[in-house]
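To be precise, the following lines are final01.cif, and they hold mmCIF, C-alpha atoms and all ligand atoms.
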data_coords
loop_
_atom_site.group_PDB
_atom_site.id
_atom_site.type_symbol
_atom_site.label_atom_id
_atom_site.label_comp_id
_atom_site.auth_asym_id
_atom_site.auth_seq_id
_atom_site.Cartn_x
_atom_site.Cartn_y
_atom_site.Cartn_z
ATOM 1 C CA MET Z 14 0.000 0.000 0.000
ATOM 2 C CA ASP Z 15 1.124 3.584 -0.556
ATOM 3 C CA LEU Z 16 1.478 5.938 2.419
ATOM 4 C CA LEU Z 17 0.873 9.680 2.621
ATOM 5 C CA VAL Z 18 3.251 12.045 4.443
ATOM 6 C CA LYS Z 19 2.724 15.710 5.382
ATOM 7 C CA LEU Z 20 5.918 17.309 4.118
ATOM 8 C CA TYR Z 21 4.991 20.622 5.759
ATOM 9 C CA ASP Z 22 5.072 18.937 9.170
ATOM 10 C CA LEU Z 23 8.289 16.909 9.043
ATOM 11 C CA PRO Z 24 10.699 16.484 11.941
ATOM 12 C CA PRO Z 25 14.024 18.216 11.218
ATOM 13 C CA ALA Z 26 16.589 16.100 9.394
ATOM 14 C CA GLU Z 27 19.697 17.594 11.019
ATOM 15 C CA PRO Z 28 19.645 15.642 14.330
ATOM 16 C CA ALA Z 29 19.289 12.346 12.453
ATOM 17 C CA ILE Z 30 22.072 13.302 10.035
ATOM 18 C CA GLU Z 31 24.297 14.329 12.963
ATOM 19 C CA LYS Z 32 23.549 11.106 14.852
ATOM 20 C CA ILE Z 33 24.994 8.815 12.193
ATOM 21 C CA THR Z 34 28.348 10.599 12.376
ATOM 22 C CA GLU Z 35 28.772 8.816 15.745
ATOM 23 C CA PHE Z 36 29.313 5.679 13.681
ATOM 24 C CA GLY Z 37 31.554 7.383 11.132
ATOM 25 C CA ALA Z 38 28.771 7.441 8.552
ATOM 26 C CA ARG Z 39 27.614 10.437 6.554
ATOM 27 C CA LEU Z 40 25.045 11.330 3.914
ATOM 28 C CA HIS Z 41 26.117 12.306 0.428
ATOM 29 C CA ARG Z 42 24.048 13.395 -2.556
ATOM 30 C CA PRO Z 43 25.582 11.569 -5.546
ATOM 31 C CA PHE Z 44 26.358 13.325 -8.829
ATOM 32 C CA GLY Z 45 26.754 12.185 -12.413
ATOM 33 C CA PRO Z 46 30.186 10.543 -12.271
ATOM 34 C CA GLU Z 47 28.922 8.333 -9.445
ATOM 35 C CA LYS Z 48 25.894 6.976 -11.308
ATOM 36 C CA ALA Z 49 27.358 3.561 -12.179
ATOM 37 C CA ALA Z 50 28.676 3.047 -8.656
ATOM 38 C CA VAL Z 51 25.279 3.819 -7.109
ATOM 39 C CA VAL Z 52 23.192 1.821 -9.593
ATOM 40 C CA ASP Z 53 25.549 -1.180 -9.396
ATOM 41 C CA TRP Z 54 25.500 -1.136 -5.599
ATOM 42 C CA VAL Z 55 21.707 -0.945 -5.406
ATOM 43 C CA THR Z 56 21.302 -3.692 -8.032
ATOM 44 C CA GLU Z 57 23.776 -5.982 -6.282
ATOM 45 C CA LYS Z 58 22.230 -5.504 -2.841
ATOM 46 C CA PHE Z 59 18.538 -5.126 -3.671
ATOM 47 C CA GLY Z 60 17.981 -6.360 -7.245
ATOM 48 C CA ALA Z 61 17.390 -5.032 -10.755
ATOM 49 C CA ARG Z 62 14.041 -3.380 -10.071
ATOM 50 C CA TRP Z 63 15.468 -1.073 -7.402
ATOM 51 C CA GLY Z 64 18.615 -0.623 -9.472
ATOM 52 C CA SER Z 65 16.440 0.683 -12.306
ATOM 53 C CA GLU Z 66 14.745 3.137 -9.963
ATOM 54 C CA ALA Z 67 18.146 4.329 -8.719
ATOM 55 C CA ASP Z 68 19.126 4.841 -12.355
ATOM 56 C CA MET Z 69 16.071 7.065 -12.817
ATOM 57 C CA ALA Z 70 17.294 9.304 -10.003
ATOM 58 C CA PHE Z 71 20.099 10.368 -12.350
ATOM 59 C CA ALA Z 72 17.782 10.880 -15.337
ATOM 60 C CA GLY Z 73 16.031 14.057 -14.240
ATOM 61 C CA GLY Z 74 18.970 16.425 -14.353
ATOM 62 C CA ASN Z 75 20.655 18.066 -11.416
ATOM 63 C CA PRO Z 76 20.461 17.699 -8.539
ATOM 64 C CA VAL Z 77 20.216 13.920 -8.585
ATOM 65 C CA SER Z 78 17.080 12.832 -6.710
ATOM 66 C CA ALA Z 79 18.869 10.407 -4.405
ATOM 67 C CA PHE Z 80 21.051 10.324 -1.350
ATOM 68 C CA THR Z 81 23.625 7.768 -0.326
ATOM 69 C CA ALA Z 82 25.050 6.928 3.083
ATOM 70 C CA LEU Z 83 28.814 6.413 3.128
ATOM 71 C CA ASP Z 84 31.083 4.619 5.605
ATOM 72 C CA PRO Z 85 34.329 6.142 6.953
ATOM 73 C CA GLY Z 86 36.129 4.904 3.818
ATOM 74 C CA ASP Z 87 33.534 6.582 1.540
ATOM 75 C CA ALA Z 88 31.991 3.276 0.439
ATOM 76 C CA ILE Z 89 28.217 3.129 -0.057
ATOM 77 C CA ILE Z 90 26.284 1.595 2.847
ATOM 78 C CA GLY Z 91 22.781 2.908 2.106
ATOM 79 C CA PHE Z 92 20.675 4.830 -0.377
ATOM 80 C CA ALA Z 93 17.326 6.512 -0.823
ATOM 81 C CA CYS Z 94 15.607 7.884 -3.928
ATOM 82 C CA TYR Z 95 12.688 10.183 -4.565
ATOM 83 C CA ASN Z 96 10.870 11.451 -7.693
ATOM 84 C CA THR Z 97 11.989 8.310 -9.513
ATOM 85 C CA THR Z 98 9.060 5.948 -10.125
ATOM 86 C CA PHE Z 99 6.547 8.809 -9.933
ATOM 87 C CA LYS Z 100 6.833 12.498 -9.109
ATOM 88 C CA GLY Z 101 6.313 13.128 -5.421
ATOM 89 C CA PHE Z 102 7.125 9.538 -4.453
ATOM 90 C CA PHE Z 103 9.806 8.476 -1.978
ATOM 91 C CA GLY Z 104 11.673 5.204 -2.503
ATOM 92 C CA PRO Z 105 13.192 2.810 -2.850
ATOM 93 C CA THR Z 106 15.551 2.905 0.115
ATOM 94 C CA GLY Z 107 17.869 0.413 1.722
ATOM 95 C CA VAL Z 108 20.744 0.111 4.174
ATOM 96 C CA ASP Z 109 23.451 -2.554 4.087
ATOM 97 C CA ASP Z 110 22.734 -5.407 6.532
ATOM 98 C CA GLY Z 111 25.728 -4.676 8.746
ATOM 99 C CA TRP Z 112 24.790 -1.015 9.153
ATOM 100 C CA ARG Z 113 21.118 -1.335 10.073
ATOM 101 C CA GLY Z 114 19.717 -0.141 13.383
ATOM 102 C CA LYS Z 115 22.088 2.872 13.618
ATOM 103 C CA GLY Z 116 19.689 5.543 12.364
ATOM 104 C CA ILE Z 117 20.949 5.589 8.769
ATOM 105 C CA GLY Z 118 17.548 4.689 7.294
ATOM 106 C CA THR Z 119 15.986 7.499 9.330
ATOM 107 C CA ALA Z 120 18.564 10.048 8.150
ATOM 108 C CA LEU Z 121 18.100 9.022 4.503
ATOM 109 C CA LEU Z 122 14.307 9.173 4.807
ATOM 110 C CA LEU Z 123 14.200 12.598 6.460
ATOM 111 C CA ARG Z 124 16.796 14.139 4.137
ATOM 112 C CA SER Z 125 14.920 12.855 1.085
ATOM 113 C CA LEU Z 126 11.512 14.016 2.272
ATOM 114 C CA HIS Z 127 12.889 17.488 3.030
ATOM 115 C CA ALA Z 128 14.283 17.531 -0.511
ATOM 116 C CA LEU Z 129 10.816 16.688 -1.853
ATOM 117 C CA ARG Z 130 9.406 19.562 0.189
ATOM 118 C CA GLU Z 131 12.098 21.905 -1.183
ATOM 119 C CA ASP Z 132 11.109 20.665 -4.631
ATOM 120 C CA GLY Z 133 7.639 22.155 -4.128
ATOM 121 C CA HIS Z 134 5.571 19.259 -2.846
ATOM 122 C CA ALA Z 135 3.230 19.665 0.128
ATOM 123 C CA TYR Z 136 2.609 15.937 0.499
ATOM 124 C CA GLY Z 137 4.890 13.018 -0.223
ATOM 125 C CA ILE Z 138 3.994 9.435 -0.991
ATOM 126 C CA ILE Z 139 5.869 6.388 0.222
ATOM 127 C CA GLY Z 140 5.429 4.107 -2.768
ATOM 128 C CA PHE Z 141 4.491 0.471 -2.208
ATOM 129 C CA SER Z 142 5.511 0.496 1.455
ATOM 130 C CA ALA Z 143 6.636 -2.771 2.947
ATOM 131 C CA LEU Z 144 7.346 -1.216 6.343
ATOM 132 C CA ASP Z 145 4.376 0.870 7.433
ATOM 133 C CA GLU Z 146 5.528 1.014 11.085
ATOM 134 C CA PHE Z 147 8.944 2.409 10.135
ATOM 135 C CA TYR Z 148 7.375 5.266 8.150
ATOM 136 C CA GLU Z 149 4.552 5.874 10.612
ATOM 137 C CA SER Z 150 6.903 6.187 13.586
ATOM 138 C CA ILE Z 151 9.408 8.532 11.909
ATOM 139 C CA VAL Z 152 7.203 10.817 9.792
ATOM 140 C CA GLY Z 153 3.592 9.984 10.759
ATOM 141 C CA ALA Z 154 2.848 8.350 7.408
ATOM 142 C CA ILE Z 155 -0.709 7.070 6.945
ATOM 143 C CA PRO Z 156 -1.990 4.429 4.502
ATOM 144 C CA ILE Z 157 -3.790 5.607 1.368
ATOM 145 C CA PRO Z 158 -6.971 3.494 1.044
ATOM 146 C CA ASP Z 159 -7.211 1.089 -1.911
ATOM 147 C CA SER Z 160 -3.674 1.966 -3.125
ATOM 148 C CA ASP Z 161 -2.493 -1.644 -3.575
ATOM 149 C CA PRO Z 162 -1.330 -2.184 -6.321
ATOM 150 C CA GLY Z 163 -2.407 1.370 -7.155
ATOM 151 C CA ALA Z 164 -0.067 3.169 -9.542
ATOM 152 C CA TYR Z 165 2.212 0.093 -9.605
ATOM 153 C CA GLY Z 166 -0.452 -2.114 -11.210
ATOM 154 C CA GLY Z 167 -0.040 -3.730 -14.624
ATOM 155 C CA ARG Z 168 3.716 -4.054 -14.412
ATOM 156 C CA ILE Z 169 5.988 -6.081 -16.680
ATOM 157 C CA LYS Z 170 6.841 -9.386 -15.032
ATOM 158 C CA ILE Z 171 10.506 -9.213 -13.986
ATOM 159 C CA THR Z 172 12.072 -12.478 -12.833
HETATM 160 C C1 LIG D 1 14.182 -0.141 6.275
HETATM 161 C C2 LIG D 1 15.652 0.146 6.434
HETATM 162 C C3 LIG D 1 16.093 1.077 5.312
HETATM 163 C C4 LIG D 1 15.854 0.847 7.781
HETATM 164 O O1 LIG D 1 17.221 1.201 7.881
HETATM 165 P P1 LIG D 1 17.927 1.360 9.296
HETATM 166 O O2 LIG D 1 19.155 2.136 9.090
HETATM 167 O O3 LIG D 1 18.082 0.026 9.943
HETATM 168 O O4 LIG D 1 16.814 2.203 10.088
HETATM 169 P P2 LIG D 1 17.013 3.006 11.447
HETATM 170 O O5 LIG D 1 18.212 2.505 12.177
HETATM 171 O O6 LIG D 1 16.967 4.451 11.126
HETATM 172 O O7 LIG D 1 15.698 2.574 12.252
HETATM 173 C C5 LIG D 1 14.728 3.526 12.655
HETATM 174 C C6 LIG D 1 13.637 2.830 13.419
HETATM 175 O O8 LIG D 1 12.892 1.993 12.526
HETATM 176 C C7 LIG D 1 12.864 0.674 13.038
HETATM 177 N N1 LIG D 1 13.000 -0.260 11.931
HETATM 178 C C8 LIG D 1 14.093 -0.415 11.163
HETATM 179 N N2 LIG D 1 13.871 -1.386 10.248
HETATM 180 C C9 LIG D 1 12.618 -1.832 10.474
HETATM 181 C C10 LIG D 1 11.836 -2.834 9.882
HETATM 182 N N3 LIG D 1 12.304 -3.605 8.887
HETATM 183 N N4 LIG D 1 10.569 -3.020 10.348
HETATM 184 C C11 LIG D 1 10.090 -2.276 11.369
HETATM 185 N N5 LIG D 1 10.819 -1.315 11.985
HETATM 186 C C12 LIG D 1 12.057 -1.103 11.535
HETATM 187 C C13 LIG D 1 14.064 0.564 13.956
HETATM 188 O O9 LIG D 1 13.834 -0.428 14.939
HETATM 189 C C14 LIG D 1 14.163 1.928 14.533
HETATM 190 O O10 LIG D 1 13.294 2.066 15.640
HETATM 191 P P3 LIG D 1 13.827 2.697 17.015
HETATM 192 O O11 LIG D 1 14.253 4.108 16.668
HETATM 193 O O12 LIG D 1 12.630 2.624 17.900
HETATM 194 O O13 LIG D 1 14.971 1.845 17.406
HETATM 195 C C15 LIG D 1 16.502 -1.154 6.432
HETATM 196 O O14 LIG D 1 15.978 -2.036 7.400
HETATM 197 C C16 LIG D 1 16.520 -1.877 5.097
HETATM 198 O O15 LIG D 1 17.376 -1.611 4.249
HETATM 199 N N6 LIG D 1 15.588 -2.833 4.887
HETATM 200 C C17 LIG D 1 15.557 -3.617 3.633
HETATM 201 C C18 LIG D 1 15.047 -2.785 2.490
HETATM 202 C C19 LIG D 1 13.635 -2.260 2.762
HETATM 203 O O16 LIG D 1 12.770 -2.967 3.256
HETATM 204 N N7 LIG D 1 13.419 -0.966 2.398
HETATM 205 C C20 LIG D 1 12.138 -0.308 2.587
HETATM 206 C C21 LIG D 1 11.130 -0.743 1.569
HETATM 207 S S1 LIG D 1 9.561 0.127 1.759
#
Spit out the file's structure as structure tokens when you get a sec.
Amino acid sequence: MDLLVKLYDLPPAEPAIEKITEFGARLHRPFGPEKAAVVDWVTEKFGARWGSEADMAFAGGNPVSAFTALDPGDAIIGFACYNTTFKGFFGPTGVDDGWRGKGIGTALLLRSLHALREDGHAYGIIGFSALDEFYESIVGAIPIPDSDPGAYGGRIKIT
């Protein structure tokens, strides 16, 4: 199901972004030369469908509509996209197994939703949420009735 988020009533992103520096992690908005590295990482960790959506984040011009999380050696450990599958949508997002539970997913989510707000949207949509509790607890997201499969219906079968 899709979820609706009030972008005009978001918690600030800065505390979450600051918190992950305790672990040596940081957020980084990728740019053109990093496209292959980001798309390859997302595809390897989360599959071709999400890799394709990450690719779309680089298709709309600058700035790229994605953020990455980097470890102390500047390797990718997480990502989040917005405005990729549909305008105004957040996702996909993912954090490397070994880095979960440290607030990185929260920092990526909040930074991306603030970017959507700065892009002129009043409401954001979490597309095809698999983790309603995660989004509800961080940004008060609420389910959109009858939105499954919603805009994602009639897809090509990808094995
Ligand atoms: C979802 C995901 C990005 C969260 O990343 P993370 O860095 O572990 O998230 P955080 O550390 O910021 O967690 C924030 C809160 O959400 C909770 N949470 C994290 N993952 C959760 C999950 N899968 N289900 C329910 N709650 C979850 C955490 O317990 C934490 O709660 P707390 O603050 O009370 O401790 C990560 O688990 C992931 O990559 N999952 C696989 C991909 C995926 O499902 N993406 C989302 C598709 S809609």
**Prompt:** Could you tell me, as a list of chain:residue names, which residues have any atom at most 9 Å from (28.9, 3.7, 13.5), counting only C-alpha atoms?
**Reply:**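 In the file's frame, the residues around the point are Z:Ile33, Z:Thr34, Z:Glu35, Z:Phe36, Z:Gly37, Z:Ala38, Z:Asp84, Z:Pro85, Z:Trp112, Z:Lys115.
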Residue with smallest distance to ligand LIG 1 (chain D) - pool Z:Ala50, Z:Ala164, Z:Ala29, Z:Leu126, counting all atoms listed in the file: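 Residue with the minimum atom-to-atom distance to ligand LIG 1 (chain D): Z:Ala29.
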_Within-8 Å residues of ligand LIG 1 (chain D), basis all atoms listed in the file, as a PyMOL selection string_ = chain Z and resi 59+91+104-110+112-120+139-148+150-151
Would you mind exporting C-alpha atoms of the selected residues as a PDB file, in the frame of the given file?
ATOM      1  CA  PHE Z  59      18.538  -5.126  -3.671  1.00  0.00           C
ATOM      2  CA  GLY Z  91      22.781   2.908   2.106  1.00  0.00           C
ATOM      3  CA  GLY Z 104      11.673   5.204  -2.503  1.00  0.00           C
ATOM      4  CA  PRO Z 105      13.192   2.810  -2.850  1.00  0.00           C
ATOM      5  CA  THR Z 106      15.551   2.905   0.115  1.00  0.00           C
ATOM      6  CA  GLY Z 107      17.869   0.413   1.722  1.00  0.00           C
ATOM      7  CA  VAL Z 108      20.744   0.111   4.174  1.00  0.00           C
ATOM      8  CA  ASP Z 109      23.451  -2.554   4.087  1.00  0.00           C
ATOM      9  CA  ASP Z 110      22.734  -5.407   6.532  1.00  0.00           C
ATOM     10  CA  TRP Z 112      24.790  -1.015   9.153  1.00  0.00           C
ATOM     11  CA  ARG Z 113      21.118  -1.335  10.073  1.00  0.00           C
ATOM     12  CA  GLY Z 114      19.717  -0.141  13.383  1.00  0.00           C
ATOM     13  CA  LYS Z 115      22.088   2.872  13.618  1.00  0.00           C
ATOM     14  CA  GLY Z 116      19.689   5.543  12.364  1.00  0.00           C
ATOM     15  CA  ILE Z 117      20.949   5.589   8.769  1.00  0.00           C
ATOM     16  CA  GLY Z 118      17.548   4.689   7.294  1.00  0.00           C
ATOM     17  CA  THR Z 119      15.986   7.499   9.330  1.00  0.00           C
ATOM     18  CA  ALA Z 120      18.564  10.048   8.150  1.00  0.00           C
ATOM     19  CA  ILE Z 139       5.869   6.388   0.222  1.00  0.00           C
ATOM     20  CA  GLY Z 140       5.429   4.107  -2.768  1.00  0.00           C
ATOM     21  CA  PHE Z 141       4.491   0.471  -2.208  1.00  0.00           C
ATOM     22  CA  SER Z 142       5.511   0.496   1.455  1.00  0.00           C
ATOM     23  CA  ALA Z 143       6.636  -2.771   2.947  1.00  0.00           C
ATOM     24  CA  LEU Z 144       7.346  -1.216   6.343  1.00  0.00           C
ATOM     25  CA  ASP Z 145       4.376   0.870   7.433  1.00  0.00           C
ATOM     26  CA  GLU Z 146       5.528   1.014  11.085  1.00  0.00           C
ATOM     27  CA  PHE Z 147       8.944   2.409  10.135  1.00  0.00           C
ATOM     28  CA  TYR Z 148       7.375   5.266   8.150  1.00  0.00           C
ATOM     29  CA  SER Z 150       6.903   6.187  13.586  1.00  0.00           C
ATOM     30  CA  ILE Z 151       9.408   8.532  11.909  1.00  0.00           C
TER      31      ILE Z 151
END
For this structure, which residues satisfy the selection - the PyMOL selection byres (((chain Z and resi 135) around 12) and not hetatm) - when it is evaluated on the file as given? I want them as a list in words.
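In the shown coordinates, the PyMOL selection byres (((chain Z and resi 135) around 12) and not hetatm) covers Leu17, Val18, Lys19, Leu20, Tyr21, Asp22, Leu23, Gly101, Phe102, Leu126, His127, Ala128, Leu129, Arg130, Glu131, Asp132, Gly133, His134, Tyr136, Gly137 and Ile138 of chain Z.
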query = Do you have the atom CA of Z:Gly153-atom CA of Z:Val55 distance handy?
reply =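 Interatomic distance here is 26.6 Å.
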- Query: Using only C-alpha atoms, which residue out of Z:Lys48, Z:Glu149, Z:Ala88, Z:Leu40 lies closest to Z:Ala26?
  - Reply: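 Among Z:Lys48, Z:Glu149, Z:Ala88, Z:Leu40, it is Z:Leu40 that comes nearest to Z:Ala26.
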Counting all atoms listed in the file, the residue among Z:Tyr165, Z:Leu122, Z:Ser160, Z:Ala67 that lies closest to Z:Glu27 is Z:Leu122
Of Z:Ile169, Z:Thr81, Z:Thr98, Z:Gly86, the one nearest to Z:His41 when counting only C-alpha atoms is Z:Thr81
From the list Z:Ala70, Z:Ile171, Z:Leu83, Z:Ile157, the nearest residue to Z:Leu16 using all atoms listed in the file is Z:Ile157
